[in-house]
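One file, start14.txt, carrying compact mmCIF, C-alpha atoms and all ligand atoms:
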# COMPACT_ATOMS: atom_id res chain seq x y z
CA MET L 1 92.31 101.69 131.96
CA SER L 2 90.01 99.09 130.53
CA ALA L 3 91.36 96.43 128.15
CA ARG L 4 91.68 97.37 124.51
CA ASP L 5 88.70 96.47 122.34
CA ALA L 6 89.08 93.46 120.06
CA TRP L 7 87.23 91.57 117.34
CA LYS L 8 85.19 88.61 118.44
CA SER L 9 86.23 86.46 115.49
CA LYS L 10 88.50 86.48 112.45
CA LEU L 11 85.43 86.47 110.22
CA GLY L 12 84.24 89.55 112.08
CA PHE L 13 87.53 91.29 111.26
CA ILE L 14 87.36 90.32 107.58
CA LEU L 15 83.74 91.52 107.29
CA ALA L 16 84.55 94.81 109.04
CA ALA L 17 87.58 95.35 106.79
CA VAL L 18 85.53 94.48 103.71
CA GLY L 19 82.82 96.82 105.04
CA SER L 20 85.40 99.60 105.21
CA ALA L 21 86.77 98.86 101.76
CA VAL L 22 83.46 98.45 99.94
CA GLY L 23 81.86 101.87 99.75
CA LEU L 24 81.06 104.75 97.48
CA GLY L 25 84.45 104.12 95.87
CA ASN L 26 83.24 100.79 94.46
CA ILE L 27 79.67 101.56 93.54
CA TRP L 28 79.71 105.22 92.64
CA LYS L 29 83.29 105.95 91.62
CA PHE L 30 84.59 102.72 90.04
CA PRO L 31 81.89 102.40 87.31
CA TYR L 32 82.22 105.99 86.13
CA VAL L 33 86.01 105.95 86.21
CA VAL L 34 85.98 102.72 84.17
CA GLY L 35 83.46 104.30 81.80
CA LYS L 36 85.57 107.39 81.36
CA ASN L 37 88.74 105.42 80.69
CA GLY L 38 87.42 103.08 78.02
CA GLY L 39 86.38 99.94 79.92
CA SER L 40 88.32 96.75 80.28
CA ALA L 41 91.79 98.02 79.37
CA PHE L 42 91.48 100.24 82.41
CA ILE L 43 90.27 97.32 84.49
CA SER L 44 93.45 95.36 83.71
CA ILE L 45 95.58 98.27 84.89
CA TYR L 46 93.42 98.65 87.99
CA LEU L 47 93.90 94.96 88.79
CA ALA L 48 97.67 95.32 88.39
CA CYS L 49 97.59 98.26 90.84
CA ILE L 50 95.59 96.22 93.36
CA ILE L 51 98.11 93.37 93.18
CA LEU L 52 101.33 95.39 93.05
CA VAL L 53 100.46 98.22 95.43
CA GLY L 54 97.10 97.61 97.09
CA ILE L 55 97.64 94.16 98.60
CA PRO L 56 101.26 94.83 99.73
CA ILE L 57 100.22 98.02 101.53
CA LEU L 58 97.15 96.33 102.97
CA ILE L 59 99.50 93.71 104.44
CA ALA L 60 101.74 96.52 105.75
CA GLU L 61 98.85 98.33 107.46
CA ILE L 62 97.36 95.22 109.06
CA TYR L 63 100.81 94.15 110.29
CA ILE L 64 101.66 97.59 111.72
CA GLY L 65 98.32 97.70 113.57
CA LYS L 66 98.37 94.12 114.85
CA LYS L 67 101.96 94.29 116.05
CA SER L 68 101.63 97.65 117.84
CA GLN L 69 98.03 97.25 119.09
CA LEU L 70 97.76 101.02 118.74
CA ASN L 71 96.07 103.80 116.75
CA PRO L 72 97.97 105.08 113.65
CA VAL L 73 99.87 107.80 115.55
CA GLY L 74 101.00 105.45 118.32
CA ALA L 75 101.64 102.66 115.81
CA PHE L 76 104.07 104.67 113.70
CA ARG L 77 105.78 105.94 116.85
CA PHE L 78 106.14 102.29 117.93
CA PHE L 79 108.18 101.49 114.81
CA GLN L 80 110.42 104.56 114.98
CA LYS L 81 114.10 103.61 114.92
CA GLY L 82 116.36 106.65 114.69
CA LYS L 83 115.80 110.32 115.38
CA ILE L 84 113.38 111.04 112.57
CA PRO L 85 109.87 110.95 114.11
CA PHE L 86 107.39 108.60 112.41
CA SER L 87 104.30 109.82 114.27
CA PRO L 88 103.55 112.67 111.78
CA ILE L 89 102.56 109.94 109.28
CA GLY L 90 99.88 108.90 111.77
CA TYR L 91 98.79 112.49 112.48
CA SER L 92 98.43 113.16 108.77
CA GLY L 93 96.35 109.96 108.45
CA VAL L 94 94.02 110.96 111.29
CA LEU L 95 93.59 114.41 109.75
CA CYS L 96 92.96 112.91 106.32
CA GLY L 97 90.30 110.58 107.79
CA ILE L 98 88.58 113.60 109.34
CA ILE L 99 88.62 115.45 106.02
CA ILE L 100 87.34 112.47 104.01
CA LEU L 101 84.52 111.66 106.45
CA SER L 102 83.37 115.30 106.50
CA TYR L 103 82.33 115.11 102.83
CA TYR L 104 81.73 111.34 102.69
CA SER L 105 78.93 111.94 105.20
CA VAL L 106 77.40 114.61 102.96
CA ILE L 107 77.40 112.24 99.95
CA THR L 108 75.95 109.48 102.15
CA GLY L 109 73.23 112.01 103.03
CA TRP L 110 72.41 112.35 99.31
CA ILE L 111 72.06 108.57 99.14
CA CYS L 112 69.59 108.70 102.06
CA HIS L 113 67.61 111.38 100.23
CA TYR L 114 67.53 109.30 97.03
CA LEU L 115 66.52 106.21 98.99
CA MET L 116 63.55 108.12 100.42
CA LEU L 117 62.63 109.33 96.92
CA SER L 118 62.91 105.77 95.61
CA PHE L 119 60.28 104.57 98.05
CA ARG L 120 57.91 107.06 96.45
CA GLY L 121 59.26 106.33 92.96
CA PHE L 122 60.89 108.68 90.44
CA TYR L 123 58.29 110.49 88.34
CA GLY L 124 58.35 113.29 85.82
CA THR L 125 60.23 114.27 82.70
CA GLU L 126 63.91 113.58 82.22
CA THR L 127 64.85 117.15 83.03
CA GLU L 128 62.69 117.14 86.13
CA ILE L 129 64.35 114.01 87.44
CA SER L 130 67.87 115.08 86.67
CA THR L 131 67.29 118.43 88.34
CA ILE L 132 66.43 116.68 91.64
CA PHE L 133 70.15 116.60 92.24
CA ASP L 134 70.61 120.33 91.64
CA ASN L 135 67.60 121.14 93.80
CA LEU L 136 69.00 119.06 96.64
CA ASN L 137 72.34 120.81 96.32
CA ASN L 138 70.68 124.20 96.28
CA THR L 139 68.83 123.50 99.53
CA PRO L 140 71.54 123.88 102.17
CA TRP L 141 69.32 123.10 105.17
CA LEU L 142 68.28 119.77 103.65
CA ASN L 143 71.89 118.81 102.97
CA VAL L 144 72.90 119.81 106.49
CA ALA L 145 69.95 117.86 107.93
CA TRP L 146 70.94 114.64 106.08
CA HIS L 147 74.58 115.15 107.01
CA THR L 148 73.55 115.52 110.67
CA PHE L 149 71.43 112.37 110.42
CA VAL L 150 74.29 110.33 108.94
CA MET L 151 76.87 111.55 111.47
CA THR L 152 74.49 110.81 114.36
CA ALA L 153 73.82 107.29 113.08
CA ILE L 154 77.54 106.55 112.68
CA MET L 155 78.34 107.92 116.13
CA LEU L 156 75.60 105.78 117.68
CA ILE L 157 76.97 102.63 116.02
CA LEU L 158 80.52 103.39 117.22
CA MET L 159 79.31 104.06 120.76
CA LYS L 160 78.38 100.39 120.99
CA GLY L 161 82.06 99.52 120.68
CA VAL L 162 84.26 97.59 118.30
CA MET L 163 82.69 94.18 118.77
CA LYS L 164 79.04 95.12 119.37
CA GLY L 165 79.08 98.18 117.10
CA ILE L 166 81.44 97.87 114.13
CA GLU L 167 81.64 94.08 113.95
CA LYS L 168 77.93 93.55 114.42
CA ALA L 169 76.92 96.27 111.93
CA SER L 170 79.28 94.74 109.35
CA LYS L 171 78.02 91.22 110.03
CA ILE L 172 74.46 92.34 109.39
CA LEU L 173 74.93 94.87 106.60
CA MET L 174 77.58 93.15 104.44
CA PRO L 175 75.66 89.91 103.77
CA ILE L 176 72.50 91.95 102.97
CA LEU L 177 74.60 94.07 100.61
CA GLY L 178 75.87 90.90 98.92
CA ILE L 179 72.34 89.56 98.44
CA LEU L 180 70.95 92.88 97.14
CA LEU L 181 73.85 93.11 94.70
CA LEU L 182 73.22 89.59 93.39
CA VAL L 183 69.51 90.39 92.92
CA LEU L 184 70.49 93.39 90.82
CA VAL L 185 73.10 91.40 88.86
CA CYS L 186 70.39 88.83 87.98
CA TYR L 187 68.13 91.65 86.87
CA SER L 188 70.86 93.24 84.73
CA LEU L 189 71.60 89.89 83.09
CA THR L 190 68.10 89.94 81.62
CA LEU L 191 68.60 93.31 79.91
CA ASP L 192 69.38 93.72 76.20
CA GLY L 193 72.32 95.95 77.02
CA MET L 194 74.10 93.09 78.83
CA LYS L 195 75.84 91.97 75.62
CA ASP L 196 77.29 95.43 75.00
CA ALA L 197 78.20 95.80 78.66
CA TRP L 198 79.99 92.44 78.70
CA HIS L 199 81.86 93.42 75.54
CA PHE L 200 82.76 96.78 77.09
CA LEU L 201 84.05 95.15 80.27
CA THR L 202 85.94 92.30 78.66
CA SER L 203 87.47 93.45 75.36
CA PRO L 204 90.23 95.91 76.10
CA ASP L 205 90.62 99.06 74.07
CA PHE L 206 94.13 100.12 75.01
CA SER L 207 93.98 103.18 72.75
CA LYS L 208 91.87 104.93 75.40
CA VAL L 209 94.45 104.35 78.13
CA THR L 210 96.61 107.38 78.84
CA GLY L 211 99.21 108.25 81.48
CA GLY L 212 96.38 109.94 83.35
CA SER L 213 94.35 106.74 83.51
CA LEU L 214 97.30 104.97 85.07
CA LEU L 215 97.33 107.47 87.90
CA GLU L 216 93.59 107.31 88.19
CA ALA L 217 93.76 103.51 88.47
CA LEU L 218 96.29 103.71 91.27
CA GLY L 219 94.36 106.43 93.12
CA THR L 220 91.06 104.56 92.81
CA SER L 221 92.59 101.27 93.97
CA PHE L 222 93.96 103.06 97.01
CA PHE L 223 90.73 104.79 97.92
CA THR L 224 88.65 101.69 97.43
CA LEU L 225 90.87 99.53 99.69
CA SER L 226 90.74 102.22 102.44
CA LEU L 227 94.52 102.60 102.39
CA GLY L 228 96.73 105.55 103.21
CA ILE L 229 95.28 106.95 106.44
CA GLY L 230 95.73 104.07 108.85
CA ALA L 231 92.16 102.72 108.75
CA MET L 232 93.51 99.19 108.30
CA ILE L 233 96.13 99.88 110.99
CA THR L 234 93.28 100.72 113.35
CA TYR L 235 91.27 97.61 112.38
CA GLY L 236 94.45 95.50 112.55
CA SER L 237 95.11 96.78 116.06
CA TYR L 238 91.93 95.04 117.27
CA LEU L 239 93.32 91.66 116.10
CA LYS L 240 94.54 89.22 118.73
CA GLY L 241 96.27 85.85 118.44
CA GLU L 242 97.30 83.99 115.30
CA VAL L 243 96.12 85.52 112.06
CA ASN L 244 97.35 84.82 108.54
CA ILE L 245 97.84 88.41 107.41
CA THR L 246 98.66 87.63 103.77
CA LYS L 247 95.57 85.46 103.40
CA SER L 248 93.34 88.08 105.05
CA ALA L 249 94.70 90.88 102.84
CA VAL L 250 94.19 88.81 99.69
CA GLN L 251 90.63 87.91 100.76
CA ILE L 252 89.73 91.54 101.52
CA ALA L 253 91.15 92.78 98.21
CA LEU L 254 89.45 89.98 96.25
CA ILE L 255 86.00 90.64 97.71
CA ASP L 256 86.42 94.40 97.27
CA THR L 257 87.42 93.99 93.62
CA LEU L 258 84.66 91.49 92.95
CA ILE L 259 82.06 93.89 94.34
CA ALA L 260 83.39 96.78 92.25
CA PHE L 261 83.20 94.54 89.17
CA LEU L 262 79.67 93.38 90.01
CA ALA L 263 78.62 97.02 90.49
CA GLY L 264 79.87 97.56 86.91
CA ILE L 265 77.86 94.52 85.74
CA VAL L 266 74.76 96.09 87.32
CA ILE L 267 75.22 99.62 86.07
CA PHE L 268 76.56 99.24 82.51
CA PRO L 269 73.75 97.06 81.06
CA ILE L 270 71.24 99.62 82.36
CA VAL L 271 73.27 102.37 80.71
CA PHE L 272 73.76 100.50 77.41
CA SER L 273 70.13 99.33 77.23
CA ASN L 274 69.16 102.98 77.17
CA ASN L 275 71.75 104.09 74.63
CA LEU L 276 73.60 106.25 77.09
CA GLU L 277 77.29 106.93 77.19
CA PRO L 278 79.12 104.93 79.88
CA SER L 279 81.32 107.95 80.50
CA ALA L 280 78.58 110.04 82.16
CA GLY L 281 80.87 110.96 85.09
CA PRO L 282 80.21 111.51 88.79
CA GLY L 283 76.51 112.27 88.18
CA LEU L 284 76.00 108.69 86.93
CA ILE L 285 74.17 107.34 89.97
CA PHE L 286 72.42 110.57 90.98
CA GLN L 287 71.38 112.02 87.65
CA THR L 288 71.50 109.33 85.00
CA LEU L 289 70.28 106.22 86.82
CA PRO L 290 67.10 107.75 88.35
CA VAL L 291 65.95 108.81 84.87
CA LEU L 292 66.32 105.18 83.81
CA PHE L 293 64.66 103.88 86.98
CA ALA L 294 61.62 106.02 86.10
CA LYS L 295 61.40 104.48 82.62
CA MET L 296 62.21 100.83 83.08
CA PRO L 297 59.78 98.10 84.10
CA GLY L 298 60.20 97.32 87.80
CA GLY L 299 62.32 100.44 88.14
CA HIS L 300 60.67 101.41 91.39
CA ILE L 301 61.80 98.34 93.30
CA VAL L 302 65.19 98.27 91.54
CA SER L 303 65.89 101.83 92.67
CA VAL L 304 64.97 101.04 96.30
CA ILE L 305 67.30 98.01 96.27
CA PHE L 306 70.05 99.99 94.58
CA PHE L 307 70.10 102.97 96.95
CA ALA L 308 69.72 100.73 100.04
CA LEU L 309 72.76 98.80 98.85
CA VAL L 310 74.83 101.95 98.32
CA LEU L 311 73.73 103.24 101.73
CA PHE L 312 74.87 100.07 103.52
CA ALA L 313 78.19 100.18 101.71
CA ALA L 314 78.70 103.85 102.60
CA VAL L 315 77.78 103.44 106.29
CA THR L 316 80.26 100.61 106.94
CA SER L 317 83.00 102.70 105.28
CA ALA L 318 82.11 105.86 107.20
CA ILE L 319 82.33 103.89 110.45
CA SER L 320 85.96 103.02 109.70
CA LEU L 321 86.83 106.62 108.89
CA LEU L 322 85.48 107.83 112.25
CA GLU L 323 87.09 104.94 114.15
CA VAL L 324 90.58 106.12 113.06
CA ALA L 325 90.09 109.49 114.76
CA VAL L 326 88.31 107.97 117.75
CA SER L 327 91.01 105.37 118.45
CA PHE L 328 93.60 108.15 118.24
CA ILE L 329 91.84 110.22 120.92
CA ILE L 330 91.25 107.18 123.15
CA ASP L 331 94.90 105.99 123.02
CA GLU L 332 96.70 109.30 123.03
CA PHE L 333 94.55 111.25 125.50
CA LYS L 334 93.37 108.30 127.64
CA CYS L 335 89.83 109.44 127.08
CA SER L 336 86.63 107.35 127.31
CA ARG L 337 85.22 105.95 124.07
CA ILE L 338 81.97 107.91 124.36
CA LYS L 339 83.78 111.19 124.95
CA ALA L 340 86.17 110.54 122.05
CA ILE L 341 83.21 109.85 119.73
CA LEU L 342 81.37 113.00 120.85
CA ILE L 343 84.45 115.18 120.34
CA MET L 344 85.53 113.78 116.96
CA GLY L 345 81.96 113.38 115.68
CA SER L 346 81.24 117.05 116.43
CA VAL L 347 84.45 118.28 114.82
CA ILE L 348 83.74 116.28 111.65
CA TRP L 349 80.09 117.34 111.65
CA LEU L 350 81.12 121.00 111.81
CA LEU L 351 83.71 120.60 109.07
CA GLY L 352 81.16 118.75 106.92
CA ILE L 353 78.84 121.76 106.94
CA LEU L 354 81.34 123.46 104.63
CA SER L 355 80.71 120.71 102.05
CA ALA L 356 76.98 120.49 102.75
CA VAL L 357 76.42 124.13 101.80
CA SER L 358 77.35 123.71 98.18
CA SER L 359 77.47 127.41 97.39
CA TRP L 360 80.41 127.95 99.74
CA ASN L 361 83.68 127.64 97.87
CA VAL L 362 87.33 128.56 97.65
CA ALA L 363 88.09 130.46 94.46
CA GLY L 364 85.16 128.79 92.70
CA THR L 365 85.92 125.24 93.89
CA PRO L 366 83.24 123.91 96.25
CA PHE L 367 84.60 122.63 99.58
CA LEU L 368 83.49 119.07 98.79
CA ASP L 369 85.61 118.91 95.63
CA LEU L 370 88.49 120.71 97.32
CA PHE L 371 88.54 118.31 100.27
CA ASP L 372 88.29 115.30 97.97
CA LYS L 373 91.18 116.56 95.89
CA ILE L 374 93.41 117.33 98.91
CA ALA L 375 92.64 114.02 100.60
CA SER L 376 92.56 111.51 97.78
CA CYS L 377 95.13 113.02 95.44
CA TYR L 378 97.75 114.20 97.91
CA MET L 379 97.29 112.84 101.42
CA LEU L 380 96.39 109.23 100.53
CA PRO L 381 99.32 108.56 98.16
CA LEU L 382 101.70 110.33 100.56
CA GLY L 383 100.38 108.29 103.50
CA GLY L 384 100.69 105.10 101.43
CA LEU L 385 104.22 105.97 100.39
CA CYS L 386 105.31 106.58 104.00
CA THR L 387 103.59 103.37 105.15
CA ALA L 388 105.40 101.37 102.45
CA LEU L 389 108.74 102.96 103.41
CA VAL L 390 108.31 102.29 107.14
CA PHE L 391 107.14 98.72 106.55
CA GLY L 392 109.69 98.01 103.84
CA TRP L 393 112.75 99.62 105.35
CA ALA L 394 112.31 100.14 109.13
CA ILE L 395 111.38 96.52 109.86
CA THR L 396 113.87 93.78 108.97
CA THR L 397 112.93 91.18 106.40
CA GLU L 398 113.69 88.38 108.89
CA THR L 399 111.20 89.84 111.40
CA LYS L 400 108.56 90.03 108.71
CA TYR L 401 109.21 86.46 107.51
CA LYS L 402 109.01 85.28 111.10
CA GLU L 403 105.76 87.07 111.87
CA ILE L 404 103.90 87.14 108.56
CA GLY L 405 105.25 83.94 107.02
CA SER L 406 107.64 83.16 104.21
CA SER L 407 105.54 81.39 101.61
CA VAL L 408 106.40 82.27 98.01
CA ILE L 409 103.34 84.51 97.70
CA THR L 410 104.17 86.37 100.91
CA LYS L 411 107.78 86.81 99.75
CA ILE L 412 106.65 88.28 96.43
CA LEU L 413 104.19 90.62 98.15
CA LEU L 414 106.78 91.75 100.69
CA PHE L 415 109.20 92.44 97.84
CA ALA L 416 106.48 94.52 96.14
CA ALA L 417 105.89 96.43 99.39
CA LYS L 418 109.58 97.25 99.70
CA TYR L 419 110.45 98.20 96.12
CA VAL L 420 107.52 98.33 93.68
CA SER L 421 104.87 100.16 95.75
CA PRO L 422 107.11 103.03 96.95
CA ILE L 423 108.41 103.68 93.44
CA LEU L 424 104.94 103.65 91.86
CA LEU L 425 103.53 105.82 94.65
CA LEU L 426 106.39 108.28 94.39
CA ILE L 427 105.67 108.65 90.68
CA VAL L 428 101.98 109.30 91.38
CA PHE L 429 102.75 111.75 94.11
CA LEU L 430 105.27 113.75 92.11
CA LYS L 431 102.94 113.77 89.14
CA GLU L 432 100.09 115.11 91.32
CA ILE L 433 102.31 117.82 92.75
CA GLY L 434 103.45 118.68 89.25
CA SER L 435 99.87 119.14 88.06
CA PHE L 436 98.88 121.32 91.01
N1 LIG E 501 87.03 102.47 100.87
C1 LIG E 501 85.88 103.28 100.98
C2 LIG E 501 85.20 103.38 99.62
O1 LIG E 501 85.55 102.70 98.72
C3 LIG E 501 86.17 104.66 101.53
C4 LIG E 501 87.04 104.63 102.73
C5 LIG E 501 86.75 104.13 103.95
C6 LIG E 501 88.35 105.10 102.78
N2 LIG E 501 87.82 104.25 104.76
C7 LIG E 501 88.82 104.85 104.08
C8 LIG E 501 89.16 105.69 101.82
C9 LIG E 501 90.12 105.17 104.43
C10 LIG E 501 90.47 106.02 102.18
C11 LIG E 501 90.93 105.76 103.46
O2 LIG E 501 84.30 104.13 99.46

For this file, write the structure as structure tokens.
Amino acid sequence: MSARDAWKSKLGFILAAVGSAVGLGNIWKFPYVVGKNGGSAFISIYLACIILVGIPILIAEIYIGKKSQLNPVGAFRFFQKGKIPFSPIGYSGVLCGIIILSYYSVITGWICHYLMLSFRGFYGTETEISTIFDNLNNTPWLNVAWHTFVMTAIMLILMKGVMKGIEKASKILMPILGILLLVLVCYSLTLDGMKDAWHFLTSPDFSKVTGGSLLEALGTSFFTLSLGIGAMITYGSYLKGEVNITKSAVQIALIDTLIAFLAGIVIFPIVFSNNLEPSAGPGLIFQTLPVLFAKMPGGHIVSVIFFALVLFAAVTSAISLLEVAVSFIIDEFKCSRIKAILIMGSVIWLLGILSAVSSWNVAGTPFLDLFDKIASCYMLPLGGLCTALVFGWAITTETKYKEIGSSVITKILLFAAKYVSPILLLIVFLKEIGSF
């Protein structure tokens, strides 16, 4: 068997991990969740979740992957101590990745559609523009066509391998994303609504924070850092040699959080300048923003930049979702990379058709919403909880100090991984089950 793939450089690993983390979760979900939950008070809770749960579990995943040099299923099996099998945690992660990518690809397809429309410009009345979204959703063949396009593109990138495919795509797309985002931030700074947006993002209104927002903050922080399915285990497994895991995890989380915050700085001034409610919900970037792009000066170019940026973010995340399943097939079935990609890509493509045809549903809930609910509300927290338990309790503290380091920061984060994260995740998980 050929040698296992590996990253060319540490920077390549960080960019690929940031590419996985920064996605629709940051640019589409974060702003509307913040809007819905009253702004900066929610942001403080979100930050606490990133520090207390996100970074510790990110460290756990990277460590588990780097140490075992295996896909999530093999990696958990590697750490098994007694009779209780650990590999089901990996299987559930692979399955969850398949489910998430099946609808993530459909949403990425919508972004492609909106990017094409942006090149032409958004014209028409407010109702006409906001019904573009409904029309797209009511045209199953178009949705399936975009979904097919996205899956094909992702499969082609992965076929080039870890170093020449994932690492190279991230090295090209992430810096462009950063530049596009800064261009938009500069633009937003010139808008009248910036003052209101700044106030909204920086003066906490704790009265709007409920128990529900706490759970939402934890769930969002998990989704946005790509935790809970073994994506970071997979990326960690391509690491060789000396790597400071704590430092890498902190860097990845910092950049991811910064980009989510900057996306808020871009979107809220546009919303406030047009006297809209920041709590518009999931339709914010597909229904609300295009109406504003049609009205505002320079809106045409701003919309092209915006949707290109979201597309780049989504593609580098989708790559990581597919890589989890692909690495599983390669390791466990000793299959060639190309074959593994063709098999898993086709399975996910087929499953995605259920979400692409929006009229198909289960008891009134469209497949896309159903899959999102099952994956992000149940499977991710459960996967995170099991990861924290394995890392915290099946590996001795001495081993971890020896291999990860024992600086004060690392010690605090390892303590959080052992005690704080599992307890918080257990609460979230039980609460989700309770509300089912
Ligand atoms: N983090 C990505 C986002 O914010 C989505 C994502 C990629 C993901 N890989 C993942 C979510 C693994 C959970 C698990 O959009």

Collect all residues with atoms no farther than 7 Å from ligand LIG 501 (chain E), counting all atoms listed in the file, and output them as a PyMOL selection string.
chain L and resi 20-26+97+222-229+231+314+317-318+320-321+380

Write out as a PDB file with C-alpha atoms, keeping the file's coordinate frame each polymer residue whose atoms come within 10 Å of L:Ile374, counting all atoms listed in the file; drop sequence neighbours fewer than 4 positions from it.
ATOM      1  CA  CYS L  96      92.960 112.910 106.320  1.00  0.00           C
ATOM      2  CA  ILE L  99      88.620 115.450 106.020  1.00  0.00           C
ATOM      3  CA  ILE L 100      87.340 112.470 104.010  1.00  0.00           C
ATOM      4  CA  ASP L 369      85.610 118.910  95.630  1.00  0.00           C
ATOM      5  CA  LEU L 370      88.490 120.710  97.320  1.00  0.00           C
ATOM      6  CA  TYR L 378      97.750 114.200  97.910  1.00  0.00           C
ATOM      7  CA  MET L 379      97.290 112.840 101.420  1.00  0.00           C
ATOM      8  CA  LEU L 380      96.390 109.230 100.530  1.00  0.00           C
TER       9      LEU L 380
END

How many Å separate atom CA of L:Asp5 from atom CA of L:Val310?
28.3 Å

Would you list the contacts of L:Lys418 as a ChimeraX atom specification, taking every protein, DNA or RNA residue within 8 Å and counting all atoms listed in the file, but skipping same-chain residues closer than 3 positions in sequence?
/L:388-389,391-393,414-415,421-422

List every protein, DNA or RNA residue that has at least one atom no more than 12 Å from (82.9, 114.6, 118.2) in the file's coordinates, counting only C-alpha atoms, and write the result as a VMD selection string.
chain L and resid 98 102 151 to 152 154 to 156 158 to 159 322 to 323 325 to 326 329 337 to 351

One decimal, Å: what's the distance from atom CA of L:Val18 over to atom CA of L:Thr316, could you say?
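Separation of atom CA of L:Val18 and atom CA of L:Thr316: 8.7 Å.
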
If we count all atoms listed in the file and set the cut-off at 7 Å, which residues sit around stretch 180-189 of chain L, ignoring sequence neighbours fewer than 5 positions away in its own chain? Please answer as a PyMOL selection string.
chain L and resi 194+262+265-266+269-270+305+309

Taking C-alpha atoms for each residue, export the selection above as a short mmCIF file (atom, residue, chain, number, x, y, z; two decimals), keeping the file's coordinate frame.
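Just written: result-v8.cif:
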data_model
loop_
_atom_site.label_atom_id
_atom_site.label_comp_id
_atom_site.auth_asym_id
_atom_site.auth_seq_id
_atom_site.Cartn_x
_atom_site.Cartn_y
_atom_site.Cartn_z
CA MET L 194 74.10 93.09 78.83
CA LEU L 262 79.67 93.38 90.01
CA ILE L 265 77.86 94.52 85.74
CA VAL L 266 74.76 96.09 87.32
CA PRO L 269 73.75 97.06 81.06
CA ILE L 270 71.24 99.62 82.36
CA ILE L 305 67.30 98.01 96.27
CA LEU L 309 72.76 98.80 98.85
#

Where does stretch 221-324 of chain L meet stretch 51-63 of chain L within 6 Å, residue by residue, with the nearest atom pair and distance in Å to one decimal for each, counting all atoms listed in the file, listed by chain and rising number, as CSV?
residue,atom,partner,partner_atom,distance
L:Met232,CA,L:Glu61,CA,5.5
L:Ile233,CA,L:Glu61,CA,4.7
L:Gly236,CA,L:Ile62,CA,4.6
L:Ala249,CA,L:Ile59,CA,5.8

Determine, counting all atoms listed in the file, which protein, DNA and RNA residues have an atom within 9 Å of an atom of L:His147; residues of the same chain fewer than 5 positions away are not included. Present the result as a list of chain:residue names.
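The residues satisfying every condition are L:Ser102, L:Tyr103, L:Ser105, L:Val106, L:Ile107, L:Thr108, L:Gly109, L:Trp110, L:Leu142, L:Thr152, L:Trp349, L:Gly352, L:Ile353, L:Ala356.
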
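For the pair atom CA of L:Ala313 and atom CA of L:Gly19, the interatomic distance is 6.6 Å.
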
Go through stretch 289-366 of chain L residue by residue and, counting all atoms listed in the file, keep those with an atom at most 12 Å from stretch 65-69 of chain L; for each kept residue give the shortest atom pair and its distance in Å to one decimal, ordered by chain and increasing number, as JSON lines.
{"residue": "L:Val324", "atom": "CA", "partner": "L:Gly65", "partner_atom": "CA", "distance": 11.4}
{"residue": "L:Ser327", "atom": "CA", "partner": "L:Gln69", "partner_atom": "CA", "distance": 10.8}
{"residue": "L:Phe328", "atom": "CA", "partner": "L:Gln69", "partner_atom": "CA", "distance": 11.8}
{"residue": "L:Asp331", "atom": "CA", "partner": "L:Gln69", "partner_atom": "CA", "distance": 10.1}

Let me make sure I understand: among L:Val390, L:Gly12, L:Ala294, L:Leu177, which one has the smallest atom-to-atom distance to L:Tyr419 if we use only C-alpha atoms?
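Smallest separation from L:Tyr419 among the options: L:Val390.
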
Can you tell me, as an NGL selection string, which residues sit within 8 Å of (98.6, 99.8, 77.8) in the file's frame, using all atoms listed in the file?
:L and (41 or 45 or 206-207 or 209-210)

Of the residues L:Val34, L:Leu239, L:Ile111, L:Ala217, which is the one nearest to L:Arg4, using all atoms listed in the file?
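Among the listed residues, L:Leu239 lies closest to L:Arg4.
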
Exercise: L:Phe261 partners within 12 Å, all atoms listed in the file, chain neighbours under 2 positions left out, as an MDAnalysis selection string:
chainID L and resid 22 25:32 34 39:40 43:44 46:47 181:182 185 197:198 201:202 254:259 263:268

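If you measure from each of L:Ile129, L:Leu382, L:Ala394, L:Ile50 to L:Ile423 using all atoms listed in the file, the closest one turns out to be L:Leu382.
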
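Each of L:Leu385, L:Ile330, L:Ile14, L:Leu368 was checked against L:Lys171 using all atoms listed in the file; the smallest atom-to-atom distance is that of L:Ile14.
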
Kindly indicate which residue among L:Thr190, L:Ala169, L:Thr131, L:Glu332 lies nearest to L:Asn71, using only C-alpha atoms for the distances.
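Ranking L:Thr190, L:Ala169, L:Thr131, L:Glu332 by distance to L:Asn71, first place goes to L:Glu332.
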
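Ranking L:Gln287, L:Asn143, L:Thr234, L:Ser406 by their shortest atom-to-atom distance to L:Ala75, with only C-alpha atoms included, puts L:Thr234 first.
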
Just so I have it separately, write stretch 230-242 of chain L from the block I sent, keeping C-alpha atoms, as a PDB file, in the first residue's frame.
ATOM      1  CA  GLY L 230     -13.967  13.471  13.223  1.00  0.00           C
ATOM      2  CA  ALA L 231     -13.181  16.006  10.474  1.00  0.00           C
ATOM      3  CA  MET L 232     -10.323  17.391  12.572  1.00  0.00           C
ATOM      4  CA  ILE L 233      -9.271  13.823  13.436  1.00  0.00           C
ATOM      5  CA  THR L 234      -8.956  13.169   9.710  1.00  0.00           C
ATOM      6  CA  TYR L 235      -7.020  16.410   9.074  1.00  0.00           C
ATOM      7  CA  GLY L 236      -4.881  15.735  12.176  1.00  0.00           C
ATOM      8  CA  SER L 237      -4.050  12.285  10.832  1.00  0.00           C
ATOM      9  CA  TYR L 238      -2.203  13.885   7.902  1.00  0.00           C
ATOM     10  CA  LEU L 239       0.146  15.688  10.335  1.00  0.00           C
ATOM     11  CA  LYS L 240       3.699  14.415  10.669  1.00  0.00           C
ATOM     12  CA  GLY L 241       6.538  15.417  12.992  1.00  0.00           C
ATOM     13  CA  GLU L 242       6.532  18.044  15.723  1.00  0.00           C
TER      14      GLU L 242
END
